[in-house]
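Chemist: My structure is stored as coords26.pdb, with PDB, C-alpha atoms, pLDDT in the B column.
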```pdb
MODEL        1
ATOM      1  CA  MET Y   1      67.172  -4.390  55.673  1.00 95.00           C
ATOM      2  CA  ILE Y   2      70.169  -2.127  56.147  1.00 97.00           C
ATOM      3  CA  ILE Y   3      72.745  -3.218  58.706  1.00 98.00           C
ATOM      4  CA  GLY Y   4      75.954  -1.654  59.994  1.00 98.00           C
ATOM      5  CA  ILE Y   5      78.721  -3.994  61.106  1.00 98.00           C
ATOM      6  CA  ILE Y   6      81.467  -2.717  63.377  1.00 96.00           C
ATOM      7  CA  GLY Y   7      84.624  -4.782  63.045  1.00 94.00           C
ATOM      8  CA  LEU Y   8      85.498  -6.805  59.942  1.00 95.00           C
ATOM      9  CA  GLY Y   9      87.704  -9.496  61.410  1.00 93.00           C
ATOM     10  CA  TYR Y  10      86.800 -13.134  60.898  1.00 93.00           C
ATOM     11  CA  VAL Y  11      83.451 -12.923  62.694  1.00 93.00           C
ATOM     12  CA  GLY Y  12      82.382  -9.601  61.203  1.00 95.00           C
ATOM     13  CA  LEU Y  13      83.503 -10.179  57.629  1.00 96.00           C
ATOM     14  CA  THR Y  14      82.048 -13.657  57.189  1.00 95.00           C
ATOM     15  CA  LEU Y  15      78.727 -12.402  58.562  1.00 96.00           C
ATOM     16  CA  ALA Y  16      78.832  -9.254  56.410  1.00 97.00           C
ATOM     17  CA  VAL Y  17      79.520 -11.171  53.212  1.00 97.00           C
ATOM     18  CA  THR Y  18      76.955 -13.882  53.905  1.00 96.00           C
ATOM     19  CA  ALA Y  19      74.264 -11.344  54.763  1.00 96.00           C
ATOM     20  CA  ALA Y  20      75.069  -9.225  51.709  1.00 97.00           C
ATOM     21  CA  THR Y  21      74.695 -12.240  49.429  1.00 96.00           C
ATOM     22  CA  LYS Y  22      71.200 -12.675  50.871  1.00 96.00           C
ATOM     23  CA  GLY Y  23      70.228  -9.166  49.781  1.00 96.00           C
ATOM     24  CA  ILE Y  24      70.785  -7.346  53.078  1.00 97.00           C
ATOM     25  CA  ILE Y  25      72.485  -3.991  52.537  1.00 98.00           C
ATOM     26  CA  ILE Y  26      75.657  -4.005  54.629  1.00 98.00           C
ATOM     27  CA  TYR Y  27      77.859  -1.091  55.654  1.00 98.00           C
ATOM     28  CA  GLY Y  28      81.007  -2.212  57.427  1.00 97.00           C
ATOM     29  CA  ILE Y  29      83.675  -0.237  59.246  1.00 96.00           C
ATOM     30  CA  GLU Y  30      87.105  -1.431  60.303  1.00 95.00           C
ATOM     31  CA  LYS Y  31      90.095   0.346  61.869  1.00 91.00           C
ATOM     32  CA  ASN Y  32      92.783  -2.061  60.673  1.00 94.00           C
ATOM     33  CA  GLN Y  33      94.361  -0.600  57.538  1.00 95.00           C
ATOM     34  CA  HIS Y  34      95.542  -3.969  56.187  1.00 96.00           C
ATOM     35  CA  ILE Y  35      92.005  -5.357  56.330  1.00 96.00           C
ATOM     36  CA  LYS Y  36      90.659  -2.295  54.529  1.00 95.00           C
ATOM     37  CA  GLU Y  37      93.308  -2.513  51.813  1.00 96.00           C
ATOM     38  CA  CYS Y  38      92.464  -6.165  51.215  1.00 96.00           C
ATOM     39  CA  LEU Y  39      88.770  -5.384  50.911  1.00 96.00           C
ATOM     40  CA  LYS Y  40      89.462  -2.600  48.409  1.00 93.00           C
ATOM     41  CA  LYS Y  41      90.900  -5.378  46.236  1.00 95.00           C
ATOM     42  CA  SER Y  42      87.811  -7.532  46.938  1.00 95.00           C
ATOM     43  CA  LYS Y  43      89.798  -9.961  49.039  1.00 96.00           C
ATOM     44  CA  ALA Y  44      89.584 -11.171  52.620  1.00 96.00           C
ATOM     45  CA  HIS Y  45      92.632 -10.864  54.875  1.00 95.00           C
ATOM     46  CA  PHE Y  46      92.322 -14.571  55.727  1.00 95.00           C
ATOM     47  CA  TYR Y  47      91.511 -17.719  53.807  1.00 93.00           C
ATOM     48  CA  GLU Y  48      87.976 -19.003  53.849  1.00 93.00           C
ATOM     49  CA  PRO Y  49      86.754 -21.241  50.990  1.00 92.00           C
ATOM     50  CA  GLY Y  50      84.675 -19.266  48.492  1.00 92.00           C
ATOM     51  CA  LEU Y  51      84.806 -16.002  50.435  1.00 95.00           C
ATOM     52  CA  ASP Y  52      86.862 -13.951  47.962  1.00 96.00           C
ATOM     53  CA  MET Y  53      84.551 -14.954  45.125  1.00 96.00           C
ATOM     54  CA  LEU Y  54      81.546 -13.751  47.107  1.00 97.00           C
ATOM     55  CA  ILE Y  55      83.249 -10.465  48.028  1.00 97.00           C
ATOM     56  CA  LYS Y  56      83.961  -9.743  44.353  1.00 97.00           C
ATOM     57  CA  ARG Y  57      80.302 -10.369  43.527  1.00 96.00           C
ATOM     58  CA  ILE Y  58      78.842  -8.017  46.153  1.00 97.00           C
ATOM     59  CA  ASN Y  59      81.560  -5.413  46.810  1.00 96.00           C
ATOM     60  CA  ASN Y  60      80.165  -1.879  46.370  1.00 95.00           C
ATOM     61  CA  LYS Y  61      76.740  -3.375  45.613  1.00 97.00           C
ATOM     62  CA  THR Y  62      75.178  -4.831  48.740  1.00 98.00           C
ATOM     63  CA  LEU Y  63      78.481  -4.653  50.667  1.00 98.00           C
ATOM     64  CA  HIS Y  64      79.948  -1.227  51.370  1.00 97.00           C
ATOM     65  CA  ILE Y  65      83.193  -0.711  53.283  1.00 96.00           C
ATOM     66  CA  VAL Y  66      83.210   2.788  54.762  1.00 96.00           C
ATOM     67  CA  ASP Y  67      85.253   4.832  57.213  1.00 94.00           C
ATOM     68  CA  ASN Y  68      82.124   6.153  58.911  1.00 94.00           C
ATOM     69  CA  PHE Y  69      78.473   5.176  58.707  1.00 96.00           C
ATOM     70  CA  PRO Y  70      76.603   7.600  56.409  1.00 95.00           C
ATOM     71  CA  ASN Y  71      74.160   9.984  58.066  1.00 93.00           C
ATOM     72  CA  ASP Y  72      71.614   9.751  55.236  1.00 94.00           C
ATOM     73  CA  VAL Y  73      71.054   5.995  55.588  1.00 96.00           C
ATOM     74  CA  ILE Y  74      68.335   4.612  57.873  1.00 96.00           C
ATOM     75  CA  PHE Y  75      69.820   1.587  59.635  1.00 97.00           C
ATOM     76  CA  ASP Y  76      67.741  -1.216  61.089  1.00 97.00           C
ATOM     77  CA  ALA Y  77      70.537  -2.565  63.271  1.00 97.00           C
ATOM     78  CA  PHE Y  78      74.200  -2.362  64.143  1.00 98.00           C
ATOM     79  CA  ILE Y  79      76.208  -5.495  64.868  1.00 97.00           C
ATOM     80  CA  ILE Y  80      79.201  -5.310  67.212  1.00 95.00           C
ATOM     81  CA  THR Y  81      81.804  -7.991  66.520  1.00 92.00           C
ATOM     82  CA  VAL Y  82      84.470  -6.931  69.015  1.00 84.00           C
ATOM     83  CA  GLY Y  83      84.801  -8.812  72.289  1.00 73.00           C
ATOM     84  CA  THR Y  84      85.922  -8.115  75.839  1.00 74.00           C
ATOM     85  CA  PRO Y  85      89.508  -9.256  76.375  1.00 71.00           C
ATOM     86  CA  LEU Y  86      90.877  -9.255  79.906  1.00 69.00           C
ATOM     87  CA  LYS Y  87      92.728  -6.243  81.192  1.00 75.00           C
ATOM     88  CA  GLN Y  88      96.445  -6.864  81.096  1.00 77.00           C
ATOM     89  CA  GLY Y  89      97.633  -8.697  84.197  1.00 73.00           C
ATOM     90  CA  THR Y  90      94.122  -9.103  85.610  1.00 71.00           C
ATOM     91  CA  LEU Y  91      91.047 -11.311  85.323  1.00 68.00           C
ATOM     92  CA  SER Y  92      88.782  -8.294  84.782  1.00 75.00           C
ATOM     93  CA  PRO Y  93      87.177  -7.755  81.342  1.00 76.00           C
ATOM     94  CA  ASN Y  94      88.188  -4.692  79.338  1.00 81.00           C
ATOM     95  CA  PHE Y  95      85.015  -3.054  78.044  1.00 86.00           C
ATOM     96  CA  GLU Y  96      86.807  -0.257  76.194  1.00 89.00           C
ATOM     97  CA  TYR Y  97      86.707  -2.125  72.868  1.00 89.00           C
ATOM     98  CA  ILE Y  98      82.938  -2.417  72.998  1.00 92.00           C
ATOM     99  CA  LYS Y  99      82.490   1.167  74.185  1.00 92.00           C
ATOM    100  CA  SER Y 100      84.739   2.395  71.373  1.00 92.00           C
ATOM    101  CA  ALA Y 101      82.665   0.411  68.871  1.00 93.00           C
ATOM    102  CA  LEU Y 102      79.480   1.959  70.230  1.00 95.00           C
ATOM    103  CA  MET Y 103      80.976   5.442  70.049  1.00 94.00           C
ATOM    104  CA  SER Y 104      81.437   4.947  66.303  1.00 94.00           C
ATOM    105  CA  ILE Y 105      77.652   5.244  65.874  1.00 95.00           C
ATOM    106  CA  ILE Y 106      77.074   8.130  68.278  1.00 94.00           C
ATOM    107  CA  ASN Y 107      76.192  10.571  65.475  1.00 93.00           C
ATOM    108  CA  ILE Y 108      73.485   8.346  63.961  1.00 95.00           C
ATOM    109  CA  TYR Y 109      72.241   6.230  66.860  1.00 96.00           C
ATOM    110  CA  ASN Y 110      68.899   7.439  68.238  1.00 93.00           C
ATOM    111  CA  GLY Y 111      67.768   4.483  70.316  1.00 93.00           C
ATOM    112  CA  THR Y 112      65.456   2.991  67.680  1.00 94.00           C
ATOM    113  CA  GLN Y 113      68.046   0.756  65.992  1.00 97.00           C
ATOM    114  CA  LEU Y 114      68.752  -2.740  67.296  1.00 97.00           C
ATOM    115  CA  ILE Y 115      72.251  -3.244  68.705  1.00 97.00           C
ATOM    116  CA  VAL Y 116      73.499  -6.826  68.323  1.00 97.00           C
ATOM    117  CA  LEU Y 117      76.488  -8.273  70.150  1.00 95.00           C
ATOM    118  CA  ARG Y 118      78.018 -11.148  68.215  1.00 93.00           C
ATOM    119  CA  SER Y 119      81.396 -11.992  69.771  1.00 86.00           C
ATOM    120  CA  THR Y 120      82.512 -13.392  73.106  1.00 86.00           C
ATOM    121  CA  VAL Y 121      81.682 -11.210  76.101  1.00 88.00           C
ATOM    122  CA  SER Y 122      81.595 -11.922  79.814  1.00 87.00           C
ATOM    123  CA  VAL Y 123      78.189 -12.863  81.205  1.00 91.00           C
ATOM    124  CA  GLY Y 124      76.180  -9.762  82.069  1.00 92.00           C
ATOM    125  CA  THR Y 125      77.970  -7.442  79.620  1.00 92.00           C
ATOM    126  CA  THR Y 126      74.972  -6.820  77.358  1.00 94.00           C
ATOM    127  CA  ARG Y 127      72.615  -5.904  80.191  1.00 94.00           C
ATOM    128  CA  SER Y 128      74.958  -4.210  82.659  1.00 94.00           C
ATOM    129  CA  VAL Y 129      77.395  -2.447  80.301  1.00 93.00           C
ATOM    130  CA  VAL Y 130      75.892  -2.051  76.836  1.00 95.00           C
ATOM    131  CA  LEU Y 131      72.334  -1.129  77.835  1.00 95.00           C
ATOM    132  CA  PRO Y 132      73.301   1.720  80.213  1.00 95.00           C
ATOM    133  CA  PHE Y 133      75.879   3.016  77.725  1.00 95.00           C
ATOM    134  CA  LEU Y 134      73.317   3.138  74.922  1.00 96.00           C
ATOM    135  CA  ALA Y 135      70.732   4.768  77.170  1.00 95.00           C
ATOM    136  CA  GLU Y 136      73.201   7.513  78.006  1.00 94.00           C
ATOM    137  CA  MET Y 137      74.130   7.951  74.335  1.00 93.00           C
ATOM    138  CA  SER Y 138      70.537   8.260  73.172  1.00 94.00           C
ATOM    139  CA  GLY Y 139      68.887   9.888  76.169  1.00 93.00           C
ATOM    140  CA  LYS Y 140      66.289   7.115  76.238  1.00 94.00           C
ATOM    141  CA  ASP Y 141      65.189   4.901  79.107  1.00 94.00           C
ATOM    142  CA  GLN Y 142      66.914   1.508  79.238  1.00 93.00           C
ATOM    143  CA  ASN Y 143      63.549  -0.219  78.757  1.00 92.00           C
ATOM    144  CA  GLU Y 144      63.254   1.464  75.357  1.00 94.00           C
ATOM    145  CA  ILE Y 145      66.724   0.475  74.135  1.00 96.00           C
ATOM    146  CA  LEU Y 146      66.849  -2.435  71.687  1.00 97.00           C
ATOM    147  CA  VAL Y 147      69.651  -4.943  72.236  1.00 97.00           C
ATOM    148  CA  SER Y 148      70.249  -8.560  71.357  1.00 96.00           C
ATOM    149  CA  MET Y 149      73.037 -11.066  71.962  1.00 95.00           C
ATOM    150  CA  CYS Y 150      73.295 -13.355  68.928  1.00 95.00           C
ATOM    151  CA  PRO Y 151      76.452 -15.456  69.376  1.00 92.00           C
ATOM    152  CA  GLU Y 152      78.662 -16.476  66.466  1.00 89.00           C
ATOM    153  CA  ARG Y 153      79.349 -20.225  66.444  1.00 85.00           C
ATOM    154  CA  THR Y 154      81.025 -20.986  63.109  1.00 84.00           C
ATOM    155  CA  LEU Y 155      84.089 -23.118  62.432  1.00 81.00           C
ATOM    156  CA  GLU Y 156      86.945 -21.670  60.413  1.00 83.00           C
ATOM    157  CA  GLY Y 157      86.776 -23.033  56.911  1.00 86.00           C
ATOM    158  CA  LYS Y 158      83.002 -23.554  57.092  1.00 87.00           C
ATOM    159  CA  ALA Y 159      81.711 -20.136  58.104  1.00 88.00           C
ATOM    160  CA  VAL Y 160      79.739 -19.285  54.956  1.00 86.00           C
ATOM    161  CA  GLU Y 161      78.080 -22.697  54.908  1.00 87.00           C
ATOM    162  CA  GLU Y 162      77.307 -22.759  58.626  1.00 89.00           C
ATOM    163  CA  LEU Y 163      75.904 -19.231  58.718  1.00 91.00           C
ATOM    164  CA  THR Y 164      73.177 -20.345  56.327  1.00 89.00           C
ATOM    165  CA  HIS Y 165      72.599 -23.848  57.698  1.00 88.00           C
ATOM    166  CA  LEU Y 166      73.182 -23.805  61.452  1.00 88.00           C
ATOM    167  CA  PRO Y 167      70.399 -22.598  63.750  1.00 91.00           C
ATOM    168  CA  GLN Y 168      71.015 -18.974  64.720  1.00 93.00           C
ATOM    169  CA  ILE Y 169      70.677 -18.211  68.430  1.00 94.00           C
ATOM    170  CA  ILE Y 170      69.078 -14.906  69.286  1.00 95.00           C
ATOM    171  CA  SER Y 171      68.124 -13.165  72.521  1.00 95.00           C
ATOM    172  CA  GLU Y 172      66.497  -9.913  73.528  1.00 91.00           C
ATOM    173  CA  ASN Y 173      65.653  -7.422  76.209  1.00 93.00           C
ATOM    174  CA  ASN Y 174      62.153  -6.665  74.895  1.00 94.00           C
ATOM    175  CA  LYS Y 175      59.597  -7.701  72.272  1.00 93.00           C
ATOM    176  CA  GLN Y 176      60.694  -5.255  69.587  1.00 95.00           C
ATOM    177  CA  SER Y 177      64.316  -6.396  69.869  1.00 95.00           C
ATOM    178  CA  ILE Y 178      63.432 -10.029  69.228  1.00 94.00           C
ATOM    179  CA  GLU Y 179      61.219  -9.113  66.264  1.00 95.00           C
ATOM    180  CA  ILE Y 180      64.067  -7.270  64.521  1.00 95.00           C
ATOM    181  CA  ALA Y 181      66.595  -9.983  65.390  1.00 96.00           C
ATOM    182  CA  GLN Y 182      64.277 -12.646  63.975  1.00 95.00           C
ATOM    183  CA  LYS Y 183      63.758 -10.668  60.782  1.00 95.00           C
ATOM    184  CA  LEU Y 184      67.512 -10.256  60.349  1.00 95.00           C
ATOM    185  CA  PHE Y 185      68.684 -13.794  61.040  1.00 94.00           C
ATOM    186  CA  ARG Y 186      65.810 -15.500  59.215  1.00 94.00           C
ATOM    187  CA  LYS Y 187      67.258 -13.956  56.068  1.00 94.00           C
ATOM    188  CA  LEU Y 188      70.344 -16.091  56.691  1.00 92.00           C
ATOM    189  CA  THR Y 189      68.791 -19.352  57.836  1.00 90.00           C
ATOM    190  CA  PRO Y 190      65.264 -20.707  58.378  1.00 88.00           C
ATOM    191  CA  CYS Y 191      66.097 -22.046  61.845  1.00 91.00           C
ATOM    192  CA  ILE Y 192      66.102 -19.635  64.777  1.00 93.00           C
ATOM    193  CA  VAL Y 193      66.535 -20.585  68.441  1.00 94.00           C
ATOM    194  CA  GLU Y 194      65.532 -17.988  71.012  1.00 95.00           C
ATOM    195  CA  ALA Y 195      67.600 -18.015  74.198  1.00 94.00           C
ATOM    196  CA  ALA Y 196      65.748 -17.441  77.467  1.00 94.00           C
ATOM    197  CA  SER Y 197      67.763 -14.313  78.269  1.00 95.00           C
ATOM    198  CA  LEU Y 198      70.673 -12.153  77.181  1.00 95.00           C
ATOM    199  CA  GLU Y 199      72.800 -13.907  79.781  1.00 95.00           C
ATOM    200  CA  GLU Y 200      71.932 -17.357  78.459  1.00 95.00           C
ATOM    201  CA  ALA Y 201      73.039 -16.320  74.969  1.00 94.00           C
ATOM    202  CA  GLU Y 202      76.304 -15.003  76.406  1.00 92.00           C
ATOM    203  CA  LEU Y 203      76.831 -18.322  78.177  1.00 93.00           C
ATOM    204  CA  ILE Y 204      76.175 -20.241  74.962  1.00 90.00           C
ATOM    205  CA  LYS Y 205      78.956 -18.315  73.238  1.00 86.00           C
ATOM    206  CA  LEU Y 206      81.376 -19.031  76.076  1.00 85.00           C
ATOM    207  CA  TYR Y 207      80.422 -22.712  76.032  1.00 81.00           C
ATOM    208  CA  CYS Y 208      80.955 -22.949  72.266  1.00 75.00           C
ATOM    209  CA  ASN Y 209      84.433 -21.449  72.664  1.00 66.00           C
ATOM    210  CA  ASP Y 210      85.540 -24.364  74.867  1.00 58.00           C
TER     211      ASP Y 210
ENDMDL
END
```
Could I get this file's structure written as structure tokens?

Modeler:
Amino acid sequence: MIIGIIGLGYVGLTLAVTAATKGIIIYGIEKNQHIKECLKKSKAHFYEPGLDMLIKRINNKTLHIVDNFPNDVIFDAFIITVGTPLKQGTLSPNFEYIKSALMSIINIYNGTQLIVLRSTVSVGTTRSVVLPFLAEMSGKDQNEILVSMCPERTLEGKAVEELTHLPQIISENNKQSIEIAQKLFRKLTPCIVEAASLEEAELIKLYCND
């Protein structure tokens, strides 16, 4: 499989490295210059036991840090690891981070790749914000768009271990979405738990944050 990961903070980088060690080809993009400079030196910008050693092993092999996703690569999925913080001074979610992440794939997204949300988002974001945005980007009907909410639930200091041992929660908006999500996350761990809906998976992430 070939996966693009948008955002290489704690959630994105630990997932990228773990997946790349399992033989998944990963292309990751990140705006933060400090993070990119660290990765050029095969180092993470935070401490996680064993992570730097893994980065050195896979950097420029199964893990590729790029400024833009290459047009000549056929991606199976893109994973969004940015969340929806509240707008300043309000209780309303700011969706601009997610929309900006989605815009980074506008030149290669055609509606056939699975889009996975991984970080904390308000309930309803995947269905009411991401789906319509992707439909407009691709010109496809919303029923044809492939999306999945697969919440990250790792503890700092144990991310690499938990990504390969904890059950991975996946969700979908249609049959094809769940098939691709299963194929992806079964490469990390043998245990998959399918949430009843996109909204249930979003709720699970919020619950795990408490």

Chemist: So which one's closest to Tyr207 (chain Y), Y:Ser148, Y:Thr21, Y:Thr120, Y:Ser42? Using only C-alpha atoms, please.

Modeler: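 For Tyr207 (chain Y), the nearest of the candidates is Y:Thr120.
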
Chemist: Run the PyMOL selection byres ((chain Y and resi 199) around 12) against the file shown and list the residues it catches, as number ranges by chain.

Modeler: Y: 117, 120-128, 148-151, 170-173, 195-198, 200-206

Chemist: Could you tell me which of Y:Pro93, Y:Gly157, Y:Pro167, Y:Pro190 comes closest to Gly50 (chain Y) if we count only C-alpha atoms?

Modeler: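 Using only C-alpha atoms, Gly50 (chain Y) sits closest to Y:Gly157.
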
Chemist: Can you give me, as a PyMOL selection string, the residues this file yields under the PyMOL selection byres ((chain Y and resi 5) around 12)?

Modeler: chain Y and resi 2-4+6-9+11-17+19-20+24-30+63-69+75-82+101-102+104-105+114-118

Chemist: Rank nothing, just name the residue among Y:Tyr97, Y:Phe133, Y:Tyr10, Y:Tyr109 nearest to Ala44 (chain Y), using only C-alpha atoms.

Modeler: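 Closest to Ala44 (chain Y) of all the choices is Y:Tyr10.
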
Chemist: Can you list what the PyMOL selection byres ((chain Y and resi 189) around 7) grabs from this structure, as a list in words?

Modeler: Thr164, His165, Pro167, Phe185, Arg186, Lys187, Leu188, Pro190 and Cys191 of chain Y

Chemist: Taking into account only C-alpha atoms, which residue in the set Y:Lys183, Y:Lys22, Y:Lys61, Y:Lys175 is nearest to Asn143 (chain Y)?

Modeler: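 Looking only at the distances to Asn143 (chain Y), the closest residue turns out to be Y:Lys175.
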
Chemist: Can you tell me, as AutoDock Vina command-line options, the centre and edge lengths (Å, one decimal) of the axis-aligned box enclosing all of region 61-72 of chain Y's listed atoms after padding each side by 3 Å?

Modeler:
```
--center_x 78.4 --center_y 2.6 --center_z 52.3 --size_x 19.6 --size_y 20.8 --size_z 19.3
```

Chemist: Please measure the separation of CA of Asn94 (chain Y) and CA of Ser119 (chain Y), giving the value in Å to one decimal.

Modeler: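 Between CA of Asn94 (chain Y) and CA of Ser119 (chain Y) the gap is 13.8 Å.
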
Chemist: Take CA of Ile180 (chain Y) and CA of Met1 (chain Y) and report the distance between them in Å, one decimal.

Modeler: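 Straight-line distance from CA of Ile180 (chain Y) to CA of Met1 (chain Y) works out to 9.8 Å.
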
Chemist: For a quick check of understanding, using all atoms listed in the file, which of Y:Ser100, Y:Thr84, Y:Thr18, Y:Asn174 has the smallest distance to Thr62 (chain Y)?

Modeler: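 Ranked by minimum distance to Thr62 (chain Y), first place goes to Y:Thr18.
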
Chemist: Quote the spacing between CA of Leu134 (chain Y) and CA of Phe95 (chain Y) in Å to one decimal place.

Modeler: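 Distance between the two atoms: 13.6 Å.
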
Chemist: Rank nothing, just name the residue among Y:Lys43, Y:Arg153, Y:Lys56, Y:Lys31 nearest to Gln168 (chain Y), using all atoms listed in the file.

Modeler: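 Using all atoms listed in the file, Gln168 (chain Y) sits closest to Y:Arg153.
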